[in-house]
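Asks: What follows is run_17.cif; its format and atoms are mmCIF, C-alpha atoms.
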data_coords
#
loop_
_atom_site.label_atom_id
_atom_site.label_comp_id
_atom_site.auth_asym_id
_atom_site.auth_seq_id
_atom_site.Cartn_x
_atom_site.Cartn_y
_atom_site.Cartn_z
CA MET U 286 0.00 0.00 0.00
CA LYS U 287 1.27 3.45 -0.87
CA SER U 288 0.30 4.86 2.53
CA ASP U 289 2.21 2.19 4.50
CA GLN U 290 5.08 4.66 4.96
CA ILE U 291 2.63 7.17 6.48
CA ILE U 292 1.27 4.51 8.84
CA ASP U 293 4.83 3.60 9.85
CA LYS U 294 5.57 7.26 10.57
CA ILE U 295 2.47 7.51 12.81
CA ARG U 296 3.44 4.23 14.52
CA ASN U 297 6.94 5.59 15.24
CA LYS U 298 5.53 8.86 16.63
CA LEU U 299 3.30 6.81 18.95
CA LYS U 300 6.31 4.83 20.21
CA GLU U 301 8.18 8.09 20.93
CA SER U 302 5.23 9.76 22.65
CA ASP U 303 5.00 10.27 26.39
CA PRO U 304 1.98 8.23 27.60
CA GLY U 305 1.39 10.78 30.35
CA ARG U 306 0.94 13.61 27.86
CA ARG U 307 -1.53 11.92 25.51
CA THR U 308 -4.64 13.85 24.55
CA VAL U 309 -6.10 11.18 22.27
CA VAL U 310 -6.82 7.85 23.98
CA ASN U 311 -9.37 6.37 21.62
CA THR U 312 -9.38 3.49 19.17
CA PHE U 313 -10.10 4.09 15.49
CA GLN U 314 -10.49 1.77 12.57
CA PHE U 315 -9.25 2.93 9.20
CA ASN U 316 -10.54 1.13 6.12
CA PHE U 317 -8.31 1.72 3.10
CA THR U 318 -9.73 1.31 -0.38
CA ASP U 319 -8.37 1.27 -3.90
CA ALA U 320 -9.34 3.82 -6.55
CA ASP U 321 -12.53 1.83 -7.27
CA GLY U 322 -13.65 1.86 -3.64
CA LYS U 323 -12.79 -1.78 -2.95
CA LEU U 324 -11.38 -2.55 0.50
CA ILE U 325 -7.61 -3.17 0.45
CA LYS U 326 -6.80 -3.26 4.14
CA SER U 327 -8.24 -2.40 7.55
CA MET U 328 -5.99 -0.98 10.25
CA VAL U 329 -6.65 -0.27 13.91
CA PHE U 330 -5.11 2.87 15.40
CA ASP U 331 -5.27 2.19 19.14
CA PHE U 332 -4.08 5.39 20.79
CA LYS U 333 -4.87 4.09 24.28
CA ALA U 334 -2.51 1.13 23.89
CA LEU U 335 -0.13 3.12 21.63
CA ASN U 336 -0.42 0.50 18.92
CA ILE U 337 -1.31 0.29 15.23
CA TYR U 338 -2.06 -3.07 13.67
CA GLU U 339 -3.81 -4.68 10.72
CA GLY U 340 -7.30 -5.94 11.43
CA SER U 341 -10.55 -4.62 12.79
CA ALA U 342 -11.75 -3.41 16.17
CA ASP U 343 -15.23 -4.30 17.38
CA SER U 344 -15.10 -1.54 19.99
CA ALA U 345 -13.61 1.27 17.87
CA ASP U 346 -14.69 4.77 18.87
CA GLY U 347 -14.73 5.81 15.25
CA GLN U 348 -14.26 4.49 11.77
CA VAL U 349 -12.69 6.23 8.79
CA THR U 350 -12.94 4.94 5.23
CA ILE U 351 -10.51 6.53 2.80
CA SER U 352 -8.60 5.51 -0.29
CA ASP U 353 -4.97 4.54 0.03
CA GLU U 354 -4.05 7.37 -2.36
CA ASP U 355 -6.01 10.04 -0.44
CA PHE U 356 -4.54 8.96 2.92
CA TYR U 357 -1.10 9.23 1.33
CA LEU U 358 -1.91 12.76 0.10
CA VAL U 359 -3.02 13.78 3.61
CA GLY U 360 0.03 12.14 5.19
CA THR U 361 2.41 13.94 2.82
CA LYS U 362 0.61 17.26 3.44
CA GLN U 363 -0.51 17.59 -0.18
CA LYS U 364 -4.14 17.76 0.99
CA THR U 365 -5.89 18.20 4.31
CA PHE U 366 -8.28 15.63 5.70
CA GLN U 367 -10.94 18.34 5.65
CA GLU U 368 -10.46 18.76 1.88
CA ILE U 369 -10.84 15.00 1.39
CA LEU U 370 -14.07 15.02 3.42
CA GLN U 371 -15.45 18.02 1.54
CA GLN U 372 -14.83 16.22 -1.75
CA ASP U 373 -16.74 13.18 -0.39
CA LYS U 374 -13.61 11.05 -0.75
CA ALA U 375 -13.73 9.79 2.85
CA THR U 376 -16.39 8.84 5.35
CA ILE U 377 -16.32 8.94 9.13
CA GLU U 378 -18.61 7.10 11.51
CA GLY U 379 -18.82 6.90 15.27
CA ASP U 380 -17.79 9.32 17.99
CA GLU U 381 -17.47 12.53 16.00
CA GLN U 382 -15.88 14.43 18.89
CA ALA U 383 -13.16 11.76 19.30
CA ILE U 384 -12.54 11.65 15.55
CA ASN U 385 -12.24 15.43 15.36
CA LYS U 386 -9.81 15.40 18.29
CA MET U 387 -7.64 12.82 16.50
CA LEU U 388 -7.78 14.76 13.22
CA GLU U 389 -6.86 17.98 15.03
CA LYS U 390 -3.82 16.17 16.47
CA PHE U 391 -2.80 15.06 12.96
CA ARG U 392 -3.24 18.64 11.71
CA ILE U 393 -1.08 20.07 14.49
CA ASN U 394 1.63 17.44 13.96
CA SER U 395 1.60 17.95 10.19
CA GLN U 396 2.60 21.58 10.69
CA ASN U 397 5.91 20.55 12.27
#
Would you put the structure from the file into structure tokens?

Replies:
Amino acid sequence: MKSDQIIDKIRNKLKESDPGRRTVVNTFQFNFTDADGKLIKSMVFDFKALNIYEGSADSADGQVTISDEDFYLVGTKQKTFQEILQQDKATIEGDEQAINKMLEKFRINSQN
């Protein structure tokens, strides 16, 4: 997957983070699709356990469906997640407040 390098970067940032200073402690499932909308891979971003792994989470606080290409564009700062949502190229379900908090964290970190 093209966005694997972005996922690895997020995974490494999680490993380096101070558990006592975390502001996001939720679990999110990301469903990555190809250009035709077919599921390629599902990944769990477990910010409480500081872990990212392939699979699904029955108790995820939120779920994001996005194409591999669009996630790569967001991860490389070529587009914002907000732009992807406005273009109806991603969907979010679940705890909207938790999802927005996570996305805000990505936005802040992408400015560094």

Asks: So, with all atoms listed in the file as the atoms that count, which of U:Asn385, U:Ser302, U:Asn311, U:Gln290 lies closest to Ala345 in chain U?

Replies: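 The answer is U:Asn311, which sits nearest to Ala345 in chain U.
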
Asks: Please identify every residue of range 351-384 of chain U that has at least one atom no farther than 12 Å from an atom of range 320-326 of chain U, counting all atoms listed in the file, and for each give the shortest atom pair and the distance in Å to one decimal, arranged by chain then increasing number, as a Markdown table.

Replies:
| residue | atom | partner | partner_atom | distance |
| --- | --- | --- | --- | --- |
| U:Ile351 | CA | U:Gly322 | CA | 8.6 |
| U:Ser352 | CA | U:Ala320 | CA | 6.5 |
| U:Asp353 | CA | U:Ala320 | CA | 7.9 |
| U:Glu354 | CA | U:Ala320 | CA | 7.6 |
| U:Asp355 | CA | U:Ala320 | CA | 9.3 |
| U:Phe356 | CA | U:Ala320 | CA | 11.8 |
| U:Lys374 | CA | U:Gly322 | CA | 9.6 |
| U:Ala375 | CA | U:Gly322 | CA | 10.2 |
| U:Thr376 | CA | U:Gly322 | CA | 11.7 |

Asks: Taking the file as shown, what set of residues would the PyMOL selection byres ((chain U and resi 292) around 12) give back, as a ChimeraX atom specification?

Replies: /U:286-291,293-299,315,317,327-330,336-339,353,356-357,359-361

Asks: For CA of Gly379 in chain U and CA of Thr318 in chain U, quote the distance in Å rounded to one decimal.

Replies: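 Result for CA of Gly379 in chain U versus CA of Thr318 in chain U: 18.9 Å, one decimal.
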
Asks: What does the distance from CA of Pro304 in chain U to CA of Gly347 in chain U come to in Å, to one decimal?

Replies: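 Distance between the two atoms: 20.9 Å.
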
Asks: Would you please work out which residue, of U:Val349, U:Asp319, U:Ile384, U:Lys333, is nearest to Arg307 in chain U when using all atoms listed in the file?

Replies: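 Selected residue with least distance to Arg307 in chain U: U:Lys333.
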
Asks: Here is a test: counting all atoms listed in the file, which residue of U:Glu301, U:Glu389, U:Glu381, U:Asp346 is nearest to Gln367 in chain U?

Replies: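 Closest to Gln367 in chain U, using all atoms listed in the file: U:Glu389.
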
Asks: Suppose you want the space between CA of Asp373 in chain U and CA of Thr312 in chain U; what is it in Å?

Replies: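 It comes out at 23.0 Å.
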
Asks: Given 8 Å on each side, where is the centre and what are the edge lengths in Å to one decimal of the axis-aligned box enclosing the listed atoms of range 357-370 of chain U, as JSON?

Replies:
{"center_x": -5.8, "center_y": 14.0, "center_z": 2.8, "size_x": 32.5, "size_y": 25.5, "size_z": 21.9}

Asks: So, counting only C-alpha atoms, which residue among U:Phe313, U:Glu368, U:Gly305, U:Leu358 is closest to Asp380 in chain U?

Replies: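 For Asp380 in chain U, the nearest of the given residues is U:Phe313.
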